[in-house]
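Pasting query.cif here (mmCIF, N, CA and C atoms):
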data_run
#
loop_
_atom_site.label_atom_id
_atom_site.label_comp_id
_atom_site.auth_asym_id
_atom_site.auth_seq_id
_atom_site.Cartn_x
_atom_site.Cartn_y
_atom_site.Cartn_z
N VAL A 12 -92.33 28.00 -59.84
CA VAL A 12 -93.46 28.64 -59.19
C VAL A 12 -93.39 30.15 -59.41
N MET A 13 -92.18 30.69 -59.30
CA MET A 13 -92.03 32.14 -59.49
C MET A 13 -92.45 32.54 -60.91
N LEU A 14 -92.09 31.74 -61.90
CA LEU A 14 -92.46 32.05 -63.28
C LEU A 14 -93.96 31.95 -63.49
N VAL A 15 -94.59 30.95 -62.89
CA VAL A 15 -96.05 30.81 -62.98
C VAL A 15 -96.72 32.01 -62.32
N MET A 16 -96.23 32.41 -61.14
CA MET A 16 -96.79 33.56 -60.44
C MET A 16 -96.64 34.82 -61.31
N TYR A 17 -95.47 35.02 -61.87
CA TYR A 17 -95.22 36.18 -62.72
C TYR A 17 -96.17 36.18 -63.92
N GLN A 18 -96.26 35.04 -64.59
CA GLN A 18 -97.12 34.92 -65.77
C GLN A 18 -98.57 35.22 -65.41
N ARG A 19 -99.05 34.64 -64.32
CA ARG A 19 -100.44 34.86 -63.92
C ARG A 19 -100.69 36.30 -63.51
N ARG A 20 -99.80 36.85 -62.72
CA ARG A 20 -99.99 38.23 -62.25
C ARG A 20 -99.97 39.23 -63.40
N VAL A 21 -98.97 39.14 -64.24
CA VAL A 21 -98.87 40.08 -65.35
C VAL A 21 -100.05 39.90 -66.30
N GLY A 22 -100.38 38.66 -66.60
CA GLY A 22 -101.52 38.39 -67.48
C GLY A 22 -102.82 38.93 -66.91
N GLU A 23 -103.02 38.71 -65.61
CA GLU A 23 -104.25 39.19 -64.97
C GLU A 23 -104.28 40.72 -64.93
N MET A 24 -103.13 41.33 -64.64
CA MET A 24 -103.08 42.80 -64.59
C MET A 24 -103.36 43.40 -65.97
N LYS A 25 -102.84 42.77 -67.00
CA LYS A 25 -103.08 43.27 -68.36
C LYS A 25 -104.53 43.06 -68.77
N SER A 26 -105.05 41.86 -68.53
CA SER A 26 -106.42 41.57 -68.97
C SER A 26 -107.47 42.38 -68.21
N LYS A 27 -107.21 42.67 -66.95
CA LYS A 27 -108.17 43.43 -66.13
C LYS A 27 -107.80 44.91 -66.04
N ARG A 28 -106.72 45.27 -66.71
CA ARG A 28 -106.24 46.66 -66.71
C ARG A 28 -106.06 47.21 -65.29
N ILE A 29 -105.32 46.45 -64.51
CA ILE A 29 -105.06 46.82 -63.11
C ILE A 29 -103.71 47.52 -63.04
N HIS A 30 -103.69 48.69 -62.46
CA HIS A 30 -102.44 49.44 -62.28
C HIS A 30 -101.60 48.72 -61.22
N PRO A 31 -100.30 48.56 -61.43
CA PRO A 31 -99.45 47.86 -60.46
C PRO A 31 -99.53 48.42 -59.03
N GLN A 32 -99.76 49.71 -58.90
CA GLN A 32 -99.83 50.32 -57.57
C GLN A 32 -100.98 49.76 -56.74
N ARG A 33 -102.02 49.25 -57.39
CA ARG A 33 -103.16 48.67 -56.66
C ARG A 33 -102.79 47.35 -55.99
N ALA A 34 -101.66 46.77 -56.37
CA ALA A 34 -101.21 45.50 -55.80
C ALA A 34 -99.91 45.68 -55.03
N LYS A 35 -99.80 46.79 -54.31
CA LYS A 35 -98.52 47.11 -53.67
C LYS A 35 -98.24 46.29 -52.41
N THR A 36 -99.25 45.69 -51.80
CA THR A 36 -99.04 44.81 -50.65
C THR A 36 -99.61 43.44 -50.98
N ARG A 37 -99.24 42.44 -50.18
CA ARG A 37 -99.73 41.08 -50.42
C ARG A 37 -101.25 41.02 -50.33
N SER A 38 -101.82 41.65 -49.30
CA SER A 38 -103.28 41.60 -49.14
C SER A 38 -103.97 42.36 -50.27
N ALA A 39 -103.40 43.47 -50.69
CA ALA A 39 -103.99 44.21 -51.80
C ALA A 39 -103.91 43.39 -53.09
N ALA A 40 -102.78 42.75 -53.31
CA ALA A 40 -102.61 41.92 -54.51
C ALA A 40 -103.61 40.78 -54.52
N HIS A 41 -103.81 40.13 -53.38
CA HIS A 41 -104.78 39.03 -53.32
C HIS A 41 -106.19 39.54 -53.60
N GLY A 42 -106.47 40.76 -53.18
CA GLY A 42 -107.80 41.33 -53.42
C GLY A 42 -108.07 41.63 -54.87
N VAL A 43 -107.07 42.16 -55.58
CA VAL A 43 -107.29 42.55 -56.98
C VAL A 43 -106.79 41.52 -57.99
N LEU A 44 -106.01 40.54 -57.53
CA LEU A 44 -105.44 39.52 -58.43
C LEU A 44 -105.73 38.11 -57.92
N PRO A 45 -107.00 37.73 -57.83
CA PRO A 45 -107.31 36.41 -57.26
C PRO A 45 -106.79 35.23 -58.08
N ASP A 46 -106.61 35.42 -59.39
CA ASP A 46 -106.15 34.31 -60.24
C ASP A 46 -104.71 33.91 -59.96
N SER A 47 -103.91 34.82 -59.41
CA SER A 47 -102.51 34.51 -59.13
C SER A 47 -102.26 34.22 -57.66
N GLU A 48 -103.31 34.20 -56.86
CA GLU A 48 -103.16 34.03 -55.41
C GLU A 48 -102.54 32.70 -55.02
N SER A 49 -102.96 31.60 -55.64
CA SER A 49 -102.42 30.29 -55.25
C SER A 49 -100.93 30.20 -55.56
N ALA A 50 -100.50 30.74 -56.70
CA ALA A 50 -99.07 30.72 -57.03
C ALA A 50 -98.29 31.59 -56.05
N SER A 51 -98.86 32.72 -55.68
CA SER A 51 -98.21 33.61 -54.71
C SER A 51 -98.08 32.95 -53.35
N ASN A 52 -99.16 32.29 -52.91
CA ASN A 52 -99.11 31.58 -51.62
C ASN A 52 -98.09 30.46 -51.65
N ASN A 53 -98.03 29.74 -52.77
CA ASN A 53 -97.07 28.65 -52.88
C ASN A 53 -95.64 29.16 -52.85
N TYR A 54 -95.40 30.27 -53.49
CA TYR A 54 -94.06 30.87 -53.47
C TYR A 54 -93.66 31.19 -52.03
N SER A 55 -94.59 31.74 -51.26
CA SER A 55 -94.32 32.02 -49.85
C SER A 55 -94.04 30.73 -49.08
N ASN A 56 -94.81 29.68 -49.38
CA ASN A 56 -94.60 28.39 -48.71
C ASN A 56 -93.21 27.83 -48.97
N LEU A 57 -92.66 28.12 -50.14
CA LEU A 57 -91.34 27.61 -50.48
C LEU A 57 -90.24 28.24 -49.63
N LEU A 58 -90.57 29.28 -48.91
CA LEU A 58 -89.58 29.95 -48.07
C LEU A 58 -89.81 29.67 -46.58
N GLU A 59 -90.76 28.79 -46.25
CA GLU A 59 -91.07 28.52 -44.85
C GLU A 59 -90.44 27.21 -44.40
N SER A 60 -91.17 26.09 -44.42
CA SER A 60 -90.61 24.83 -43.93
C SER A 60 -89.37 24.37 -44.70
N PRO A 61 -89.24 24.66 -45.98
CA PRO A 61 -88.01 24.26 -46.66
C PRO A 61 -86.74 24.89 -46.07
N LEU A 62 -86.88 25.94 -45.30
CA LEU A 62 -85.71 26.52 -44.66
C LEU A 62 -85.00 25.48 -43.79
N LEU A 63 -85.77 24.63 -43.12
CA LEU A 63 -85.18 23.55 -42.31
C LEU A 63 -84.43 22.55 -43.20
N PHE A 64 -84.95 22.34 -44.39
CA PHE A 64 -84.28 21.47 -45.36
C PHE A 64 -82.95 22.08 -45.79
N TYR A 65 -82.97 23.37 -46.10
CA TYR A 65 -81.75 24.05 -46.53
C TYR A 65 -80.68 23.99 -45.45
N VAL A 66 -81.08 24.17 -44.21
CA VAL A 66 -80.13 24.12 -43.09
C VAL A 66 -79.56 22.70 -42.95
N ALA A 67 -80.42 21.69 -43.08
CA ALA A 67 -79.96 20.30 -42.99
C ALA A 67 -78.95 20.00 -44.09
N ILE A 68 -79.23 20.45 -45.30
CA ILE A 68 -78.31 20.22 -46.42
C ILE A 68 -77.00 20.96 -46.19
N LEU A 69 -77.08 22.20 -45.74
CA LEU A 69 -75.87 22.98 -45.46
C LEU A 69 -75.02 22.30 -44.39
N LEU A 70 -75.67 21.83 -43.32
CA LEU A 70 -74.95 21.14 -42.25
C LEU A 70 -74.32 19.85 -42.78
N THR A 71 -75.04 19.13 -43.61
CA THR A 71 -74.52 17.90 -44.22
C THR A 71 -73.27 18.20 -45.05
N LEU A 72 -73.31 19.27 -45.80
CA LEU A 72 -72.15 19.65 -46.62
C LEU A 72 -70.98 20.11 -45.77
N ILE A 73 -71.25 20.93 -44.77
CA ILE A 73 -70.18 21.43 -43.89
C ILE A 73 -69.48 20.28 -43.18
N LEU A 74 -70.28 19.32 -42.70
CA LEU A 74 -69.72 18.18 -41.97
C LEU A 74 -69.21 17.08 -42.91
N MET A 75 -69.38 17.28 -44.21
CA MET A 75 -68.96 16.32 -45.23
C MET A 75 -69.55 14.93 -44.98
N VAL A 76 -70.82 14.91 -44.63
CA VAL A 76 -71.52 13.64 -44.39
C VAL A 76 -71.80 12.98 -45.73
N GLN A 77 -71.48 11.70 -45.82
CA GLN A 77 -71.77 10.91 -47.01
C GLN A 77 -72.64 9.74 -46.58
N ASP A 78 -73.93 9.83 -46.87
CA ASP A 78 -74.87 8.81 -46.41
C ASP A 78 -75.96 8.65 -47.46
N SER A 79 -76.08 7.45 -48.00
CA SER A 79 -77.04 7.21 -49.08
C SER A 79 -78.49 7.36 -48.60
N ILE A 80 -78.76 7.02 -47.35
CA ILE A 80 -80.12 7.17 -46.82
C ILE A 80 -80.48 8.65 -46.75
N LEU A 81 -79.56 9.46 -46.30
CA LEU A 81 -79.78 10.91 -46.22
C LEU A 81 -80.00 11.50 -47.62
N VAL A 82 -79.24 11.03 -48.59
CA VAL A 82 -79.41 11.48 -49.97
C VAL A 82 -80.80 11.10 -50.48
N ALA A 83 -81.22 9.86 -50.23
CA ALA A 83 -82.55 9.41 -50.66
C ALA A 83 -83.65 10.23 -50.00
N LEU A 84 -83.50 10.50 -48.70
CA LEU A 84 -84.49 11.33 -48.00
C LEU A 84 -84.53 12.74 -48.58
N ALA A 85 -83.37 13.30 -48.88
CA ALA A 85 -83.32 14.65 -49.44
C ALA A 85 -84.03 14.71 -50.79
N TRP A 86 -83.77 13.74 -51.66
CA TRP A 86 -84.43 13.75 -52.96
C TRP A 86 -85.93 13.47 -52.83
N THR A 87 -86.31 12.66 -51.86
CA THR A 87 -87.73 12.42 -51.61
C THR A 87 -88.41 13.70 -51.16
N TYR A 88 -87.73 14.46 -50.30
CA TYR A 88 -88.27 15.74 -49.84
C TYR A 88 -88.44 16.70 -51.02
N VAL A 89 -87.42 16.81 -51.84
CA VAL A 89 -87.49 17.70 -53.00
C VAL A 89 -88.64 17.30 -53.92
N ALA A 90 -88.77 16.01 -54.20
CA ALA A 90 -89.85 15.53 -55.06
C ALA A 90 -91.22 15.84 -54.45
N SER A 91 -91.35 15.64 -53.15
CA SER A 91 -92.64 15.91 -52.50
C SER A 91 -92.98 17.39 -52.53
N ARG A 92 -91.98 18.25 -52.43
CA ARG A 92 -92.24 19.70 -52.52
C ARG A 92 -92.63 20.09 -53.95
N TYR A 93 -92.05 19.43 -54.95
CA TYR A 93 -92.47 19.67 -56.33
C TYR A 93 -93.93 19.28 -56.52
N VAL A 94 -94.30 18.11 -56.00
CA VAL A 94 -95.68 17.66 -56.11
C VAL A 94 -96.61 18.63 -55.39
N HIS A 95 -96.22 19.06 -54.19
CA HIS A 95 -97.01 20.03 -53.43
C HIS A 95 -97.21 21.31 -54.24
N SER A 96 -96.14 21.81 -54.83
CA SER A 96 -96.24 23.03 -55.64
C SER A 96 -97.12 22.82 -56.86
N LEU A 97 -96.97 21.69 -57.50
CA LEU A 97 -97.77 21.39 -58.68
C LEU A 97 -99.26 21.37 -58.32
N ILE A 98 -99.61 20.72 -57.23
CA ILE A 98 -101.01 20.70 -56.79
C ILE A 98 -101.47 22.11 -56.46
N HIS A 99 -100.63 22.85 -55.73
CA HIS A 99 -101.01 24.19 -55.26
C HIS A 99 -101.28 25.16 -56.41
N ILE A 100 -100.48 25.10 -57.46
CA ILE A 100 -100.65 26.07 -58.54
C ILE A 100 -101.51 25.56 -59.69
N THR A 101 -102.02 24.33 -59.57
CA THR A 101 -102.93 23.83 -60.61
C THR A 101 -104.33 23.67 -60.04
N TYR A 102 -104.74 22.47 -59.71
CA TYR A 102 -106.13 22.25 -59.30
C TYR A 102 -106.38 22.55 -57.82
N ASN A 103 -105.36 22.59 -57.01
CA ASN A 103 -105.40 23.05 -55.61
C ASN A 103 -106.45 22.37 -54.74
N ARG A 104 -106.53 21.06 -54.80
CA ARG A 104 -107.41 20.31 -53.89
C ARG A 104 -106.71 20.25 -52.54
N VAL A 105 -107.32 20.84 -51.53
CA VAL A 105 -106.67 21.04 -50.23
C VAL A 105 -106.19 19.74 -49.60
N MET A 106 -107.01 18.71 -49.57
CA MET A 106 -106.61 17.46 -48.91
C MET A 106 -105.46 16.77 -49.65
N HIS A 107 -105.43 16.88 -50.96
CA HIS A 107 -104.29 16.32 -51.71
C HIS A 107 -103.02 17.09 -51.35
N ARG A 108 -103.13 18.40 -51.38
CA ARG A 108 -101.98 19.25 -51.06
C ARG A 108 -101.53 19.02 -49.62
N PHE A 109 -102.49 18.94 -48.70
CA PHE A 109 -102.17 18.74 -47.29
C PHE A 109 -101.48 17.39 -47.07
N SER A 110 -101.97 16.35 -47.73
CA SER A 110 -101.36 15.02 -47.58
C SER A 110 -99.90 15.03 -48.02
N VAL A 111 -99.63 15.68 -49.13
CA VAL A 111 -98.25 15.76 -49.62
C VAL A 111 -97.41 16.61 -48.67
N PHE A 112 -98.00 17.68 -48.15
CA PHE A 112 -97.28 18.54 -47.20
C PHE A 112 -96.90 17.75 -45.95
N VAL A 113 -97.85 17.00 -45.39
CA VAL A 113 -97.57 16.20 -44.19
C VAL A 113 -96.49 15.17 -44.49
N PHE A 114 -96.59 14.52 -45.63
CA PHE A 114 -95.57 13.55 -46.03
C PHE A 114 -94.20 14.22 -46.07
N SER A 115 -94.13 15.41 -46.69
CA SER A 115 -92.84 16.10 -46.78
C SER A 115 -92.30 16.47 -45.40
N CYS A 116 -93.20 16.80 -44.48
CA CYS A 116 -92.77 17.12 -43.11
C CYS A 116 -92.17 15.90 -42.42
N PHE A 117 -92.78 14.74 -42.63
CA PHE A 117 -92.24 13.51 -42.04
C PHE A 117 -90.88 13.15 -42.66
N VAL A 118 -90.75 13.37 -43.95
CA VAL A 118 -89.46 13.12 -44.61
C VAL A 118 -88.40 14.07 -44.05
N LEU A 119 -88.77 15.33 -43.86
CA LEU A 119 -87.84 16.31 -43.30
C LEU A 119 -87.45 15.92 -41.87
N LEU A 120 -88.42 15.47 -41.10
CA LEU A 120 -88.13 15.01 -39.74
C LEU A 120 -87.17 13.82 -39.78
N ALA A 121 -87.42 12.89 -40.68
CA ALA A 121 -86.53 11.72 -40.82
C ALA A 121 -85.12 12.15 -41.21
N MET A 122 -85.02 13.18 -42.05
CA MET A 122 -83.69 13.69 -42.42
C MET A 122 -82.95 14.20 -41.19
N TRP A 123 -83.65 14.98 -40.36
CA TRP A 123 -83.01 15.54 -39.17
C TRP A 123 -82.64 14.45 -38.16
N VAL A 124 -83.51 13.45 -38.01
CA VAL A 124 -83.21 12.34 -37.11
C VAL A 124 -81.99 11.59 -37.63
N ARG A 125 -81.95 11.31 -38.91
CA ARG A 125 -80.82 10.60 -39.51
C ARG A 125 -79.53 11.41 -39.36
N LEU A 126 -79.60 12.70 -39.65
CA LEU A 126 -78.43 13.56 -39.53
C LEU A 126 -77.95 13.63 -38.09
N GLY A 127 -78.89 13.75 -37.16
CA GLY A 127 -78.53 13.76 -35.74
C GLY A 127 -77.86 12.47 -35.33
N TRP A 128 -78.39 11.34 -35.79
CA TRP A 128 -77.82 10.03 -35.49
C TRP A 128 -76.39 9.93 -36.02
N ILE A 129 -76.19 10.40 -37.25
CA ILE A 129 -74.85 10.36 -37.86
C ILE A 129 -73.88 11.22 -37.05
N ILE A 130 -74.32 12.39 -36.64
CA ILE A 130 -73.45 13.29 -35.87
C ILE A 130 -73.10 12.68 -34.52
N ILE A 131 -74.08 12.08 -33.86
CA ILE A 131 -73.84 11.44 -32.55
C ILE A 131 -72.87 10.27 -32.69
N GLN A 132 -72.99 9.52 -33.78
CA GLN A 132 -72.14 8.35 -34.00
C GLN A 132 -70.70 8.72 -34.38
N ALA A 133 -70.49 9.93 -34.83
CA ALA A 133 -69.15 10.34 -35.31
C ALA A 133 -68.15 10.50 -34.19
#

Render the structure in this file as structure tokens.
Amino acid sequence: VMLVMYQRRVGEMKSKRIHPQRAKTRSAAHGVLPDSESASNNYSNLLESPLLFYVAILLTLILMVQDSILVALAWTYVASRYVHSLIHITYNRVMHRFSVFVFSCFVLLAMWVRLGWIIIQA
């Protein structure tokens, strides 16, 4: 996503002859670089709800949890985030993107429930 955002922003700035200083803030960049906005928004999204995923994975590693269901849920979450990003930076149909986002949230919730259950059982 970062590479797509970079490619779109630089390409748009070159083709429209936009000075980088005109895009010094997020809102300014969205105003002068609309073609790269979806990639920029998606990049921001990758730092929001996935933070809970990163914490769950870190906790799993620290506690040395070995659970095939947790592994399957983690890979399902990663795959759903890839699909979400792909939709977001390509055709960006909101309901398709939203459906994948909701699915990924339920997978993340299932990961935390499973991890909590494993911790309680230990």

Output of the PyMOL selection byres (((chain A and resi 100 and name CA) around 12) and name CA), listed as a count of residues only = 30

Surrounding residues of Leu119 of chain A excluding itself and chain neighbours under 4 positions, 12 Å, only C-alpha atoms, as a PyMOL selection string = chain A and resi 60-68+81-92+112-115+123-126

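With only C-alpha atoms as the atoms that count, the residue of A:Ile130, A:Tyr17, A:Arg37, A:Pro45 with the shortest distance to Met75 of chain A is A:Ile130.
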
Write out as an MDAnalysis selection string all residues of chain A that backbone DSSP assigns to helix (DSSP H, G or I).
-> chainID A and resid 13:27 31:34 37:43 45:56 61:73 79:100 105:132

Quick one: distance from atom N of Leu74 of chain A to atom CA of Ile129 of chain A in Å, one decimal?
->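 Computing the Euclidean distance for atom N of Leu74 of chain A and atom CA of Ile129 of chain A yields 11.2 Å.
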
Pairwise distance for atom CA of Lys25 of chain A and atom CA of Leu44 of chain A, rounded to one decimal in Å =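 So the two atoms, atom CA of Lys25 of chain A and atom CA of Leu44 of chain A, lie 10.9 Å apart.
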